[in-house]
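Worksheet for the structure shown next.
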Amino acid sequence: MNFPDDLKYTKDHEWIRVNGNEAHVGITDFAQGELGDIVFIDVSTVGQEFKHGELFGSIEAVKTVSELFMPVAGKVLEVNPKLEKNPELVNTDPYGDGWMIKISISDASEVNSLLSAESYKAEIGH
């Protein structure tokens with residue numbers, strides 16, 4: 001299982017890759033493995049602002065539906081257009097082409113409260 005050190009993680013299994021005041025958000029390799037084959041991503045929140053921990057969408061797998069939570073407060077700038085036709089990218093490349101949203105971060109200090117790769121591994125028992 002892969003946990004890149006350049007990302008921050010949440011206990012809800014989202015990851016965030018910060019680049020200045022913007023960031024990409026997705027779900028972890030662990031989460032996609034637990035969900036199984038992903039068939040649909042329901043995120044239609046472009047232009048909306050969310051607080052840390054608020055629900056921004058859902059992800060549907062063959063077995064279940066799981067909610068997606070904002071790792072930090074921010075405004076959704078973009079939803080990954082590739083996921084509409086290829087939601088399985090979350091399974092095959094969760095940290096690359098399988099990203100879900102791009103956000104503008106409202107409060108950069110919130111990033112410091114997220115988990116490091118090592119802390120996330122400990123959280124899930126790896």
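In the structure tokens, chains take the letters A, B, ... in the order shown, each chain's residues start at 1, and ligands count up from 1 in the order shown.
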Please tabulate, as a tab-separated table, the residues of region 94-119 of chain A that come within 8 Å of region 19-27 of chain A, each with its closest pair of atoms and the distance in Å to one decimal, counting only C-alpha atoms and ordering rows by chain, then residue number upward.
```
residue	atom	partner	partner_atom	distance
A:Pro94	CA	A:Ile27	CA	6.5
A:Tyr95	CA	A:Gly26	CA	7.0
A:Gly98	CA	A:Gly26	CA	7.0
A:Trp99	CA	A:Gly26	CA	4.6
A:Met100	CA	A:Gly26	CA	5.0
A:Ile101	CA	A:Val25	CA	5.3
A:Lys102	CA	A:His24	CA	4.4
A:Ile103	CA	A:Ala23	CA	5.4
A:Ser104	CA	A:Glu22	CA	4.5
A:Ile105	CA	A:Asn21	CA	5.4
A:Ser106	CA	A:Asn21	CA	8.0
A:Ala108	CA	A:Asn21	CA	7.3
```
Query - Test item, strand (DSSP E or B) assignment across region 36-125 of chain A, answer as a PyMOL selection string - result: chain A and resi 38-42+49-50+55-61+65-69+74-79+101-105+115
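CA of Gly53 (chain A) to CA of Leu35 (chain A) spans 20.1 Å [interatomic distance, one decimal].
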Report task. Do a neighbour search on Leu114 (chain A) at 8 Å with only C-alpha atoms, toss out local chain neighbours closer than 3 positions, and write the hits as a ChimeraX atom specification. Result -> /A:8-10,71,110-111
Query raised in the report: Per DSSP on the backbone, what are the alpha helix (DSSP H) residues of chain A, as JSON, numbers by chain?
Result: {"A": [29, 30, 31, 32, 33, 34, 35, 82, 83, 84, 85, 89, 90, 91, 92, 117, 118, 119, 120, 121, 122, 123, 124]}
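Among the candidate residues A:Thr92, A:Asn80, A:Asn86, A:Thr64, the one lying nearest to Glu34 (chain A) is A:Thr64, with distances computed using only C-alpha atoms.
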Query raised in the report: Which residue out of A:Phe3, A:Lys75, A:Gly36, A:Glu67 has the minimum interatomic distance to Lys51 (chain A) when only C-alpha atoms are used?
Result: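 Between A:Phe3, A:Lys75, A:Gly36, A:Glu67, the residue approaching Lys51 (chain A) most closely is A:Lys75.
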**Report entry** Shell of 9 Å around Leu89 (chain A), only C-alpha atoms, local chain residues under 6 positions omitted, as a PyMOL selection string
**Finding:** chain A and resi 38+82-83+96-99
Requested in this report: Identify which of the residues A:Glu49, A:Ser113, A:Asp93, A:Ile41 lies closest to Pro81 (chain A), counting only C-alpha atoms when measuring atom-to-atom distances.
Outcome: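 Residue with the minimum atom-to-atom distance to Pro81 (chain A): A:Ile41.
In this model, the gap between CA of Ala61 (chain A) and CA of Asp12 (chain A) comes to 16.5 Å.
One distance worth recording is that between CA of Gly74 (chain A) and CA of His52 (chain A), which is 7.8 Å.
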Query raised in the report: Out of A:Thr28, A:Asn112, A:Ser66, A:Val79, which residue has the shortest atom-to-atom distance to Val43 (chain A) when counting only C-alpha atoms?
Result: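 Among the listed residues, the smallest separation from Val43 (chain A) belongs to A:Val79.
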Requested in this report: Find the spatial neighbours of Asp42 (chain A), counting only C-alpha atoms, within a cut-off of 7 Å - ignore same-chain residues fewer than 5 positions away - and output them as number ranges by chain.
Outcome: A: 57-59
Those residues you just picked out, can you put them in a file as a PDB file, in the first residue's frame with N, CA, C and O atoms?
```pdb
ATOM      1  N   GLY A  57     -19.282  15.494  -1.127  1.00  0.00           N
ATOM      2  CA  GLY A  57     -19.717  14.571  -2.167  1.00  0.00           C
ATOM      3  C   GLY A  57     -19.740  13.149  -1.649  1.00  0.00           C
ATOM      4  O   GLY A  57     -19.611  12.900  -0.446  1.00  0.00           O
ATOM      5  N   SER A  58     -19.886  12.216  -2.587  1.00  0.00           N
ATOM      6  CA  SER A  58     -19.866  10.798  -2.216  1.00  0.00           C
ATOM      7  C   SER A  58     -19.214   9.986  -3.323  1.00  0.00           C
ATOM      8  O   SER A  58     -19.069  10.446  -4.453  1.00  0.00           O
ATOM      9  N   ILE A  59     -18.831   8.798  -2.927  1.00  0.00           N
ATOM     10  CA  ILE A  59     -18.181   7.882  -3.866  1.00  0.00           C
ATOM     11  C   ILE A  59     -18.924   6.555  -3.785  1.00  0.00           C
ATOM     12  O   ILE A  59     -19.192   6.054  -2.694  1.00  0.00           O
TER      13      ILE A  59
END
```
